[in-house]
Structure formats: structure tokens, C-alpha cells
$ cat query.cif   # mmCIF, C-alpha atoms
data_final
#
loop_
_atom_site.label_atom_id
_atom_site.label_comp_id
_atom_site.auth_asym_id
_atom_site.auth_seq_id
_atom_site.Cartn_x
_atom_site.Cartn_y
_atom_site.Cartn_z
CA MET A 429 8.75 69.71 -40.05
CA VAL A 430 10.58 66.40 -40.43
CA GLY A 431 11.23 66.29 -36.68
CA VAL A 432 7.57 66.80 -36.00
CA ALA A 433 6.71 63.92 -38.35
CA ILE A 434 9.18 61.61 -36.63
CA GLY A 435 7.77 62.57 -33.27
CA ILE A 436 4.29 61.81 -34.43
CA GLY A 437 5.43 58.43 -35.78
CA LEU A 438 7.04 57.44 -32.47
CA GLY A 439 4.06 58.62 -30.57
CA ILE A 440 1.68 56.30 -32.34
CA ARG A 441 3.72 53.09 -31.75
CA SER A 442 2.31 50.84 -29.05
CA ALA A 443 4.23 50.19 -25.83
CA ASP A 444 2.84 46.64 -25.83
CA PRO A 445 5.49 44.33 -27.43
CA SER A 446 2.84 42.04 -28.82
CA ARG A 447 1.24 44.95 -30.69
CA ALA A 448 4.52 46.56 -31.58
CA ASP A 449 5.92 43.36 -33.17
CA PRO A 450 3.13 40.84 -33.83
CA PRO A 451 5.32 38.28 -35.68
CA ALA A 452 7.83 38.15 -32.82
CA GLU A 453 5.06 37.80 -30.26
CA ALA A 454 3.49 34.96 -32.24
CA ALA A 455 6.85 33.20 -32.31
CA ARG A 456 7.18 33.58 -28.55
CA GLN A 457 3.72 32.15 -27.98
CA ARG A 458 4.52 29.20 -30.24
CA LEU A 459 7.66 28.56 -28.22
CA LEU A 460 5.68 28.66 -24.99
CA ALA A 461 3.00 26.37 -26.37
CA SER A 462 5.60 23.90 -27.63
CA ALA A 463 7.36 23.77 -24.26
CA ALA A 464 4.02 23.34 -22.50
CA LYS A 465 3.01 20.48 -24.81
CA ASP A 466 6.35 18.74 -24.22
CA ALA A 467 5.83 19.01 -20.47
CA ASP A 468 2.25 17.76 -20.75
CA ALA A 469 3.35 14.73 -22.76
CA ALA A 470 6.04 13.92 -20.20
CA LEU A 471 3.56 14.23 -17.35
CA ALA A 472 1.07 12.04 -19.20
CA ARG A 473 3.63 9.25 -19.56
CA LEU A 474 4.67 9.54 -15.92
CA GLY A 475 1.08 9.65 -14.70
CA ALA A 476 0.14 6.51 -16.63
CA ASP A 477 3.07 4.60 -15.13
CA LEU A 478 2.29 5.79 -11.61
CA LEU A 479 -1.39 4.88 -11.86
CA ALA A 480 -0.56 1.41 -13.20
CA SER A 481 1.91 0.89 -10.37
CA ARG A 482 -0.63 2.08 -7.82
CA ASP A 483 -3.26 -0.33 -9.15
CA HIS A 484 -0.90 -3.27 -8.70
CA ALA A 485 0.09 -2.09 -5.23
CA ARG A 486 -3.52 -1.68 -4.13
CA ARG A 487 -4.38 -5.17 -5.34
CA GLY A 488 -1.38 -6.51 -3.45
CA ALA A 489 -2.50 -4.74 -0.28
CA ALA A 490 -6.01 -6.17 -0.65
CA LEU A 491 -4.60 -9.67 -1.13
CA THR A 492 -2.53 -9.25 2.02
CA VAL A 493 -5.62 -8.49 4.08
CA SER A 494 -7.59 -11.37 2.58
CA GLY A 495 -4.76 -13.84 3.14
CA GLU A 496 -3.90 -14.52 -0.49
CA ALA A 497 -0.51 -14.30 -2.21
CA PRO A 498 0.33 -10.55 -2.38
CA ALA A 499 3.94 -10.65 -3.60
CA PRO A 500 3.32 -10.85 -7.38
CA GLU A 501 1.13 -7.74 -7.39
CA LEU A 502 3.34 -5.76 -5.03
CA THR A 503 6.47 -6.73 -6.95
CA SER A 504 4.85 -5.81 -10.28
CA GLY A 505 3.93 -2.44 -8.82
CA ALA A 506 7.50 -1.93 -7.59
CA ASP A 507 8.96 -2.89 -10.97
CA LEU A 508 6.65 -0.51 -12.83
CA LEU A 509 7.44 2.26 -10.41
CA ALA A 510 11.18 1.75 -10.67
CA GLY A 511 10.86 1.80 -14.45
CA SER A 512 9.13 5.18 -14.30
CA SER A 513 12.11 6.93 -12.72
CA ASP A 514 13.33 8.09 -16.15
CA GLU A 515 9.85 9.46 -16.88
CA ALA A 516 9.91 11.34 -13.57
CA GLU A 517 13.24 12.92 -14.49
CA ALA A 518 11.98 13.79 -17.97
CA ALA A 519 8.80 15.38 -16.60
CA ARG A 520 10.73 17.36 -14.04
CA ARG A 521 13.19 18.65 -16.66
CA ALA A 522 10.38 19.51 -19.06
CA LEU A 523 8.61 21.58 -16.43
CA LEU A 524 11.83 23.38 -15.51
CA ALA A 525 12.41 24.13 -19.19
CA LEU A 526 8.88 25.44 -19.48
CA GLN A 527 9.44 27.63 -16.46
CA GLY A 528 12.48 29.14 -18.17
CA VAL A 529 10.57 29.81 -21.37
CA ALA A 530 7.65 31.29 -19.47
CA ALA A 531 9.94 33.61 -17.52
CA SER A 532 10.98 35.33 -20.75
CA VAL A 533 7.80 34.95 -22.79
CA ALA A 534 5.02 35.19 -20.23
CA PRO A 535 6.45 36.34 -16.88
CA GLY A 536 3.09 36.16 -15.16
CA ALA A 537 2.39 32.54 -16.14
CA GLN A 538 2.04 30.03 -13.30
CA VAL A 539 4.14 27.00 -14.20
CA PRO A 540 3.70 23.85 -12.03
CA LEU A 541 6.78 21.92 -10.95
CA LEU A 542 7.40 18.44 -9.54
CA SER A 543 8.93 18.17 -6.09
CA TYR A 544 10.46 14.76 -6.88
CA GLY A 545 12.65 13.12 -9.46
CA GLY A 546 13.89 9.70 -10.46
CA THR A 547 15.77 9.00 -7.23
CA ASP A 548 12.68 9.64 -5.12
CA VAL A 549 10.66 7.27 -7.31
CA GLN A 550 13.32 4.58 -6.97
CA LEU A 551 13.22 4.88 -3.18
CA VAL A 552 9.46 4.35 -3.08
CA ALA A 553 9.84 1.39 -5.45
CA ALA A 554 12.39 -0.14 -3.08
CA GLN A 555 9.98 0.31 -0.16
CA LEU A 556 7.19 -1.32 -2.12
CA ARG A 557 9.42 -4.25 -3.07
CA THR A 558 10.40 -4.72 0.59
CA SER A 559 6.74 -4.69 1.56
CA ALA A 560 6.16 -7.67 -0.75
CA ALA A 561 8.37 -9.84 1.46
CA ALA A 562 6.74 -8.47 4.61
CA ALA A 563 3.27 -9.08 3.18
CA THR A 564 4.16 -12.68 2.31
CA LEU A 565 5.36 -13.28 5.86
CA PHE A 566 2.18 -11.76 7.22
CA VAL A 567 0.03 -14.02 5.06
CA ASP A 568 2.01 -17.04 6.32
CA ARG A 569 1.23 -15.96 9.87
CA ARG A 570 -2.42 -15.44 9.01
CA HIS A 571 -2.56 -18.96 7.61
CA ALA A 572 -0.91 -20.19 10.81
CA THR A 573 -3.76 -18.78 12.91
CA GLN A 574 -6.27 -20.53 10.66
CA ALA A 575 -4.35 -23.81 10.96
CA VAL A 576 -4.56 -23.57 14.77
CA VAL A 577 -8.31 -23.00 14.58
CA GLU A 578 -8.75 -25.96 12.23
CA ALA A 579 -6.63 -28.26 14.40
CA LEU A 580 -8.72 -27.42 17.45
CA ALA A 581 -11.98 -27.84 15.53
CA GLY A 582 -10.83 -31.22 14.29
CA ALA A 583 -9.99 -32.31 17.81
CA LEU A 584 -13.40 -31.26 19.12
CA ALA A 585 -15.13 -33.12 16.31
CA ALA A 586 -13.11 -36.25 17.14
CA LEU A 587 -14.00 -35.99 20.84
CA GLU A 588 -17.68 -35.71 19.96
CA ARG A 589 -17.30 -38.96 18.02
CA ASP A 590 -15.61 -40.48 21.08
CA ASP A 591 -12.28 -40.82 19.28
CA PRO A 592 -9.68 -39.35 21.71
CA GLY A 593 -6.77 -40.79 19.73
CA LEU A 594 -7.75 -38.86 16.61
CA ALA A 595 -8.33 -35.78 18.77
CA LEU A 596 -4.75 -35.94 20.03
CA THR A 597 -3.49 -36.34 16.47
CA SER A 598 -5.45 -33.28 15.39
CA LEU A 599 -4.15 -31.24 18.32
CA ASP A 600 -0.59 -32.15 17.39
CA GLN A 601 -1.19 -30.41 14.06
CA ALA A 602 -1.39 -27.09 15.92
CA ASP A 603 2.23 -27.30 17.05
CA ALA A 604 3.85 -26.16 13.79
CA PRO A 605 1.59 -23.13 13.17
CA LEU A 606 1.89 -22.08 16.81
CA ALA A 607 5.67 -22.21 16.43
CA VAL A 608 5.36 -19.89 13.41
CA LEU A 609 3.39 -17.42 15.52
CA GLU A 610 5.84 -17.71 18.42
CA GLU A 611 8.60 -16.52 16.08
CA TRP A 612 6.66 -13.27 15.57
CA LYS A 613 8.62 -11.40 18.22
CA ASP A 614 6.85 -8.06 17.82
CA ARG A 615 3.40 -9.58 17.46
CA PRO A 616 0.49 -7.30 18.38
CA PRO A 617 -0.95 -7.53 21.92
CA LEU A 618 -4.34 -8.72 20.66
CA LEU A 619 -2.72 -11.59 18.79
CA ARG A 620 -0.75 -12.48 21.90
CA TYR A 621 -4.02 -12.65 23.85
CA TRP A 622 -5.57 -14.89 21.19
CA MET A 623 -2.56 -17.19 21.34
CA GLU A 624 -2.86 -17.47 25.13
CA VAL A 625 -6.53 -18.38 24.93
CA SER A 626 -5.88 -20.82 22.09
CA ALA A 627 -3.14 -22.49 24.12
CA ASP A 628 -5.61 -22.89 27.03
CA LEU A 629 -8.19 -24.44 24.70
CA ILE A 630 -5.69 -26.83 23.20
CA GLY A 631 -4.35 -27.78 26.60
CA ALA A 632 -7.80 -28.46 27.99
CA ALA A 633 -8.85 -30.45 24.90
CA HIS A 634 -5.64 -32.46 25.17
CA ASP A 635 -6.40 -33.27 28.81
CA ILE A 636 -9.95 -34.32 27.93
CA ALA A 637 -8.64 -36.68 25.25
CA ARG A 638 -5.94 -38.11 27.53
CA ALA A 639 -8.36 -38.56 30.43
CA THR A 640 -10.80 -40.29 28.10
CA LEU A 641 -8.10 -42.76 27.06
CA ASP A 642 -7.31 -43.31 30.74
CA HIS A 643 -11.01 -43.77 31.60
CA ASP A 644 -10.74 -41.10 34.31
CA PRO A 645 -14.16 -39.38 34.71
CA ALA A 646 -12.92 -36.93 37.32
CA ALA A 647 -10.07 -35.77 35.13
CA ILE A 648 -12.44 -35.50 32.18
CA ALA A 649 -14.78 -33.30 34.21
CA ALA A 650 -11.97 -31.05 35.44
CA ALA A 651 -10.56 -30.64 31.94
CA GLY A 652 -14.06 -29.97 30.63
CA ARG A 653 -14.48 -27.09 33.09
CA ARG A 654 -11.14 -25.62 32.04
CA TYR A 655 -12.19 -25.88 28.42
CA ALA A 656 -15.54 -24.18 29.09
CA ASP A 657 -13.77 -21.30 30.85
CA ALA A 658 -11.32 -20.88 27.98
CA ALA A 659 -14.13 -21.12 25.41
CA GLU A 660 -15.93 -18.23 27.11
CA ARG A 661 -12.83 -16.08 26.78
CA ALA A 662 -12.31 -17.28 23.22
CA ARG A 663 -15.30 -15.31 21.99
CA GLY A 664 -13.54 -12.04 22.65
CA ALA A 665 -10.24 -13.49 21.51
CA ASP A 666 -11.66 -14.38 18.10
CA ASN A 667 -12.90 -10.81 17.64
CA ALA A 668 -9.48 -9.56 18.72
CA LEU A 669 -7.82 -11.82 16.18
CA ALA A 670 -10.02 -10.59 13.32
CA LEU A 671 -9.36 -6.97 14.25
CA THR A 672 -5.62 -7.30 14.58
CA LEU A 673 -5.25 -9.29 11.36
CA SER A 674 -7.16 -6.61 9.45
CA GLU A 675 -5.11 -3.79 10.94
CA GLU A 676 -1.77 -5.52 10.56
CA GLY A 677 -2.52 -6.61 7.01
CA SER A 678 -3.47 -3.10 5.98
CA GLY A 679 -0.37 -1.66 7.59
CA VAL A 680 2.16 -3.89 5.86
CA SER A 681 2.36 -1.81 2.67
CA ALA A 682 0.65 1.35 3.92
CA THR A 683 3.73 3.61 3.85
CA PRO A 684 4.85 2.94 0.25
CA LEU A 685 1.24 3.02 -0.88
CA ARG A 686 0.75 6.47 0.64
CA ARG A 687 3.96 7.73 -0.94
CA LEU A 688 3.05 6.24 -4.31
CA ALA A 689 -0.39 7.85 -4.14
CA SER A 690 1.27 11.17 -3.32
CA LEU A 691 3.55 10.89 -6.38
CA ALA A 692 0.60 10.10 -8.64
CA ASP A 693 -1.57 12.87 -7.21
CA GLU A 694 1.18 15.46 -7.61
CA ALA A 695 1.75 14.48 -11.25
CA ALA A 696 -2.00 14.65 -11.94
CA ASP A 697 -2.28 18.04 -10.24
CA ALA A 698 0.66 19.40 -12.21
CA ARG A 699 -0.90 18.24 -15.46
CA GLY A 700 -4.22 19.81 -14.52
CA ARG A 701 -2.60 23.17 -13.84
CA LEU A 702 -0.56 22.85 -17.00
CA ALA A 703 -3.79 22.49 -18.99
CA LEU A 704 -4.71 26.04 -17.97
CA LEU A 705 -1.42 27.29 -19.32
CA LEU A 706 -1.90 25.37 -22.56
CA ARG A 707 -5.30 26.96 -23.07
CA ALA A 708 -3.90 30.39 -22.37
CA ALA A 709 -1.06 29.84 -24.85
CA SER A 710 -3.36 28.57 -27.65
#
$ encode --input "query.cif" --output "C-alpha cells"
Amino acid sequence: MVGVAIGIGLGIRSADPSRADPPAEAARQRLLASAAKDADAALARLGADLLASRDHARRGAALTVSGEAPAPELTSGADLLAGSSDEAEAARRALLALQGVAASVAPGAQVPLLSYGGTDVQLVAAQLRTSAAAATLFVDRRHATQAVVEALAGALAALERDDPGLALTSLDQADAPLAVLEEWKDRPPLLRYWMEVSADLIGAAHDIARATLDHDPAAIAAAGRRYADAAERARGADNALALTLSEEGSGVSATPLRRLASLADEAADARGRLALLLRAAS
């Protein structure tokens, strides 16, 4: 009779561990929730740093395109990013710890992980810092193109006022910025075309001014025709210049910006998926 009673007692116990031992199951769920909250907090800190770094980097990229000083913003973004390497390591470790807890407490739980750590973040920061120097050089070159345009415009204005001496002085001011552009060994083809047309315009304007000083009508007429021909080509050259400056400016920091955005997006995605696990564990 006792054996029958024992058998009946065993038969009525649940095979579900959570029902068989509610206090132990509650402890396991608290452990899972605690690990998930730790991981969420680590991801929150990392995400905030990455977003702040990305904001600085984006402003620096915009300043590069507009021809303003980009280095302070890009460097600030790089410094913030480098400083977040410890947060990246902490978030990665917290997620790995959560994965271990979930494996024993909730084997079916989907735990997000980070594919990167502190070293990866440092590498992107180094790229971003390097892009600050490249962006500054690009802005210097952009200013050089504007200086050439202004020198030529000043010369034309002087010629219209019948002041060839001042025109020659203004044209001389194009020498230094042109030298800056000549040092750009891998300059884009469209910029090279603009420089060729600009050189033709400057040369023709110089000849007009010199012929005017020499009181040589024939030479003035010949130089005027050369200038008119170059001016016709300059219309397309100016459009080419605007296009290439926009493209080159955007490309200066494009690679680290893409990588930084990828880091931030992955952290945000991991936190979003972690929120589902937190709700399930609550």
C-alpha cells in the first residue's frame, strides 16, 4: 500500500522544472534578468558614445564639402570614438556573459552579440583622425581654386577699367594657389580639365594686359579671341569643378564614417533585440 502511495506521489509531480521547483525557477529568471539588464546598460553607454562620435564626424564631413575647417569636428569624433573602446569591450563581455546565463536558464532565448570589440573601435578612430588631416588638405585645395577664380575676376575688372598694370598684379596672385593645385598629384580628371582651362584664361588675360601696355591693337585682338575661346570652354569647366569638389569632399571621410555608422547601428540593433529578452524575462 505504501508503494502505491509513493507511486501516486511521483506520478503527480510535474516534469516542468519551473512547476516542480518554483523558487529555483524564480531565482534563475532573476539571474537572467540581471544579466540582461547589465548588458543593456553597457550597450546604452556604448551607443551614446558612438552616436556622439558620429554626430561630430558628420559635421566634419559637411564642413569639408562646404570648404570650412573640418579638423576640429573630425578630431573630436575620433577622440570620442577612441574613448569608447572600453565601453565596446564591456558591452561585448556583458553580452557573452548573458549568453552563458541564457544557455543554462533559458536555452531557447535569442541573445544578440557584438561582432566587434575595443580594438576594432580604435582602428576606426584612427581612420577618422587620419581623415581630419586629409580633409584639411582638401579644404586648402578648395580655397586654392577659389583664389584662382578671384584673381582672374580681379584682372578682368581691372582691364575693364583700362588698368592693365593692376590686371597683371591680380593675375600674379593666381600663381601661388595654382602651385598648390599642381602639387595634387592624384587630382581628379575634372579638376585637371578646369586647371587647363583656367591656365588658358589667365594666359590670354595676361597677353591682353601686356598688349595694352605695349599699345598693340593686333595683339590685343588676338589675345581677346583666345580669351573668348577659353571662356566658352570655361562654362563646362566650372560645372566640372563644382561636381568634382562635391564628390571629392564627400569622399574624404566616407570610409570611417561608414564604419562608424555600422558600429552604431549594430549596437542599436543589439539593444533592440535585447529589449525583447528583457520583456520575456520580466
$ residues_around --input "query.cif" --residues "range 492-504 of chain A" --least-positions-apart "4" --cutoff "9 Å" --atoms "only C-alpha atoms" --output "number ranges by chain"
A: 481, 483-488, 508-509, 553, 556-564, 566-568, 570-571, 673-678, 680-681
$ axis_aligned_box --input "query.cif" --around "range 578-596 of chain A" --padding-each-side "6 Å" --output "AutoDock Vina command-line options"
--center_x -11.2 --center_y -33.4 --center_z 17.0 --size_x 24.9 --size_y 26.9 --size_z 21.5
$ closest_residue --input "query.cif" --among "A:Gln555, A:Ser626, A:Ser690, A:Ser532" --to "Ala662 in chain A" --atoms "only C-alpha atoms"
A:Ser626
$ residues_around --input "query.cif" --residues "range 645-659 of chain A" --least-positions-apart "4" --cutoff "9 Å" --atoms "only C-alpha atoms" --output "number ranges by chain"
A: 625-626, 628-640, 663
$ resolve_selection --input "query.cif" --expression "the PyMOL selection byres ((chain A and resi 620) around 12)" --output "CSV table (one decimal) with C-alpha atoms, keeping the file's coordinate frame"
chain,number,residue,atom,x,y,z
A,573,THR,CA,-3.8,-18.8,12.9
A,606,LEU,CA,1.9,-22.1,16.8
A,609,LEU,CA,3.4,-17.4,15.5
A,610,GLU,CA,5.8,-17.7,18.4
A,611,GLU,CA,8.6,-16.5,16.1
A,612,TRP,CA,6.7,-13.3,15.6
A,613,LYS,CA,8.6,-11.4,18.2
A,614,ASP,CA,6.8,-8.1,17.8
A,615,ARG,CA,3.4,-9.6,17.5
A,616,PRO,CA,0.5,-7.3,18.4
A,617,PRO,CA,-1.0,-7.5,21.9
A,618,LEU,CA,-4.3,-8.7,20.7
A,619,LEU,CA,-2.7,-11.6,18.8
A,621,TYR,CA,-4.0,-12.6,23.8
A,622,TRP,CA,-5.6,-14.9,21.2
A,623,MET,CA,-2.6,-17.2,21.3
A,624,GLU,CA,-2.9,-17.5,25.1
A,625,VAL,CA,-6.5,-18.4,24.9
A,626,SER,CA,-5.9,-20.8,22.1
A,627,ALA,CA,-3.1,-22.5,24.1
A,665,ALA,CA,-10.2,-13.5,21.5
A,666,ASP,CA,-11.7,-14.4,18.1
A,668,ALA,CA,-9.5,-9.6,18.7
A,669,LEU,CA,-7.8,-11.8,16.2
A,672,THR,CA,-5.6,-7.3,14.6
A,673,LEU,CA,-5.2,-9.3,11.4
$ atom_distance --input "query.cif" --atom1 "CA of Gly511 in chain A" --atom2 "CA of Pro684 in chain A"
15.9 Å
$ residues_around --input "query.cif" --residues "Glu517 in chain A" --least-positions-apart "3" --cutoff "9 Å" --atoms "all atoms listed in the file" --output "PDB file with C-alpha atoms, in the frame of the given file"
ATOM      1  CA  SER A 512       9.130   5.180 -14.300  1.00  0.00           C
ATOM      2  CA  SER A 513      12.110   6.930 -12.720  1.00  0.00           C
ATOM      3  CA  ASP A 514      13.330   8.090 -16.150  1.00  0.00           C
ATOM      4  CA  ARG A 520      10.730  17.360 -14.040  1.00  0.00           C
ATOM      5  CA  ARG A 521      13.190  18.650 -16.660  1.00  0.00           C
ATOM      6  CA  ALA A 522      10.380  19.510 -19.060  1.00  0.00           C
ATOM      7  CA  TYR A 544      10.460  14.760  -6.880  1.00  0.00           C
ATOM      8  CA  GLY A 545      12.650  13.120  -9.460  1.00  0.00           C
ATOM      9  CA  GLY A 546      13.890   9.700 -10.460  1.00  0.00           C
ATOM     10  CA  THR A 547      15.770   9.000  -7.230  1.00  0.00           C
TER      11      THR A 547
END
$ closest_residue --input "query.cif" --among "A:Ala506, A:Ala518, A:Ala464, A:Val533" --to "Arg482 in chain A" --atoms "all atoms listed in the file"
A:Ala506
$ closest_residue --input "query.cif" --among "A:Leu460, A:Leu685, A:Glu515, A:Ser543" --to "Gly475 in chain A" --atoms "only C-alpha atoms"
A:Glu515
$ atom_distance --input "query.cif" --atom1 "CA of Gln601 in chain A" --atom2 "CA of Leu565 in chain A"
20.1 Å
$ build_atoms --input "query.cif" --residues "range 651-684 of chain A" --atoms "N, CA and C atoms" --output "mmCIF file, in the frame of the given file"
data_model
loop_
_atom_site.group_PDB
_atom_site.id
_atom_site.type_symbol
_atom_site.label_atom_id
_atom_site.label_comp_id
_atom_site.auth_asym_id
_atom_site.auth_seq_id
_atom_site.Cartn_x
_atom_site.Cartn_y
_atom_site.Cartn_z
ATOM 1 N N ALA A 651 -11.041 -31.192 33.198
ATOM 2 C CA ALA A 651 -10.560 -30.640 31.940
ATOM 3 C C ALA A 651 -11.701 -29.966 31.179
ATOM 4 N N GLY A 652 -12.904 -30.546 31.292
ATOM 5 C CA GLY A 652 -14.060 -29.970 30.630
ATOM 6 C C GLY A 652 -14.377 -28.579 31.170
ATOM 7 N N ARG A 653 -14.231 -28.415 32.498
ATOM 8 C CA ARG A 653 -14.480 -27.090 33.090
ATOM 9 C C ARG A 653 -13.445 -26.081 32.621
ATOM 10 N N ARG A 654 -12.190 -26.519 32.534
ATOM 11 C CA ARG A 654 -11.140 -25.620 32.040
ATOM 12 C C ARG A 654 -11.420 -25.222 30.587
ATOM 13 N N TYR A 655 -11.896 -26.174 29.819
ATOM 14 C CA TYR A 655 -12.190 -25.880 28.420
ATOM 15 C C TYR A 655 -13.348 -24.883 28.313
ATOM 16 N N ALA A 656 -14.385 -25.085 29.130
ATOM 17 C CA ALA A 656 -15.540 -24.180 29.090
ATOM 18 C C ALA A 656 -15.133 -22.752 29.450
ATOM 19 N N ASP A 657 -14.241 -22.633 30.439
ATOM 20 C CA ASP A 657 -13.770 -21.300 30.850
ATOM 21 C C ASP A 657 -12.985 -20.642 29.708
ATOM 22 N N ALA A 658 -12.115 -21.421 29.078
ATOM 23 C CA ALA A 658 -11.320 -20.880 27.980
ATOM 24 C C ALA A 658 -12.211 -20.538 26.782
ATOM 25 N N ALA A 659 -13.228 -21.358 26.538
ATOM 26 C CA ALA A 659 -14.130 -21.120 25.410
ATOM 27 C C ALA A 659 -14.907 -19.817 25.600
ATOM 28 N N GLU A 660 -15.241 -19.487 26.841
ATOM 29 C CA GLU A 660 -15.930 -18.230 27.110
ATOM 30 C C GLU A 660 -15.048 -17.042 26.752
ATOM 31 N N ARG A 661 -13.767 -17.160 27.114
ATOM 32 C CA ARG A 661 -12.830 -16.080 26.780
ATOM 33 C C ARG A 661 -12.509 -16.050 25.293
ATOM 34 N N ALA A 662 -12.665 -17.191 24.639
ATOM 35 C CA ALA A 662 -12.310 -17.280 23.220
ATOM 36 C C ALA A 662 -13.197 -16.421 22.341
ATOM 37 N N ARG A 663 -14.418 -16.137 22.806
ATOM 38 C CA ARG A 663 -15.300 -15.310 21.990
ATOM 39 C C ARG A 663 -14.691 -13.937 21.744
ATOM 40 N N GLY A 664 -14.207 -13.334 22.807
ATOM 41 C CA GLY A 664 -13.540 -12.040 22.650
ATOM 42 C C GLY A 664 -12.213 -12.168 21.935
ATOM 43 N N ALA A 665 -11.537 -13.295 22.155
ATOM 44 C CA ALA A 665 -10.240 -13.490 21.510
ATOM 45 C C ALA A 665 -10.390 -13.597 20.001
ATOM 46 N N ASP A 666 -11.445 -14.251 19.544
ATOM 47 C CA ASP A 666 -11.660 -14.380 18.100
ATOM 48 C C ASP A 666 -11.904 -13.014 17.455
ATOM 49 N N ASN A 667 -12.679 -12.166 18.143
ATOM 50 C CA ASN A 667 -12.900 -10.810 17.640
ATOM 51 C C ASN A 667 -11.588 -10.027 17.606
ATOM 52 N N ALA A 668 -10.775 -10.230 18.655
ATOM 53 C CA ALA A 668 -9.480 -9.560 18.720
ATOM 54 C C ALA A 668 -8.588 -10.004 17.575
ATOM 55 N N LEU A 669 -8.638 -11.300 17.273
ATOM 56 C CA LEU A 669 -7.820 -11.820 16.180
ATOM 57 C C LEU A 669 -8.239 -11.201 14.849
ATOM 58 N N ALA A 670 -9.541 -11.157 14.580
ATOM 59 C CA ALA A 670 -10.020 -10.590 13.320
ATOM 60 C C ALA A 670 -9.607 -9.132 13.175
ATOM 61 N N LEU A 671 -9.710 -8.384 14.274
ATOM 62 C CA LEU A 671 -9.360 -6.970 14.250
ATOM 63 C C LEU A 671 -7.869 -6.768 13.990
ATOM 64 N N THR A 672 -7.058 -7.508 14.711
ATOM 65 C CA THR A 672 -5.620 -7.300 14.580
ATOM 66 C C THR A 672 -5.097 -7.762 13.228
ATOM 67 N N LEU A 673 -5.682 -8.843 12.680
ATOM 68 C CA LEU A 673 -5.250 -9.290 11.360
ATOM 69 C C LEU A 673 -5.595 -8.249 10.288
ATOM 70 N N SER A 674 -6.769 -7.639 10.408
ATOM 71 C CA SER A 674 -7.160 -6.610 9.450
ATOM 72 C C SER A 674 -6.233 -5.404 9.538
ATOM 73 N N GLU A 675 -5.955 -4.960 10.753
ATOM 74 C CA GLU A 675 -5.110 -3.790 10.940
ATOM 75 C C GLU A 675 -3.676 -4.053 10.503
ATOM 76 N N GLU A 676 -3.153 -5.198 10.913
ATOM 77 C CA GLU A 676 -1.770 -5.520 10.560
ATOM 78 C C GLU A 676 -1.621 -5.729 9.064
ATOM 79 N N GLY A 677 -2.587 -6.388 8.452
ATOM 80 C CA GLY A 677 -2.520 -6.610 7.010
ATOM 81 C C GLY A 677 -2.540 -5.321 6.231
ATOM 82 N N SER A 678 -3.384 -4.388 6.667
ATOM 83 C CA SER A 678 -3.470 -3.100 5.980
ATOM 84 C C SER A 678 -2.191 -2.285 6.159
ATOM 85 N N GLY A 679 -1.548 -2.475 7.293
ATOM 86 C CA GLY A 679 -0.370 -1.660 7.590
ATOM 87 C C GLY A 679 0.909 -2.120 6.933
ATOM 88 N N VAL A 680 0.927 -3.341 6.410
ATOM 89 C CA VAL A 680 2.160 -3.890 5.860
ATOM 90 C C VAL A 680 2.731 -3.011 4.746
ATOM 91 N N SER A 681 1.885 -2.613 3.808
ATOM 92 C CA SER A 681 2.360 -1.810 2.670
ATOM 93 C C SER A 681 1.792 -0.397 2.689
ATOM 94 N N ALA A 682 1.317 0.042 3.849
ATOM 95 C CA ALA A 682 0.650 1.350 3.920
ATOM 96 C C ALA A 682 1.585 2.503 3.573
ATOM 97 N N THR A 683 2.813 2.476 4.077
ATOM 98 C CA THR A 683 3.730 3.610 3.850
ATOM 99 C C THR A 683 4.083 3.779 2.381
ATOM 100 N N PRO A 684 4.576 2.731 1.678
ATOM 101 C CA PRO A 684 4.850 2.940 0.250
ATOM 102 C C PRO A 684 3.613 3.249 -0.567
#
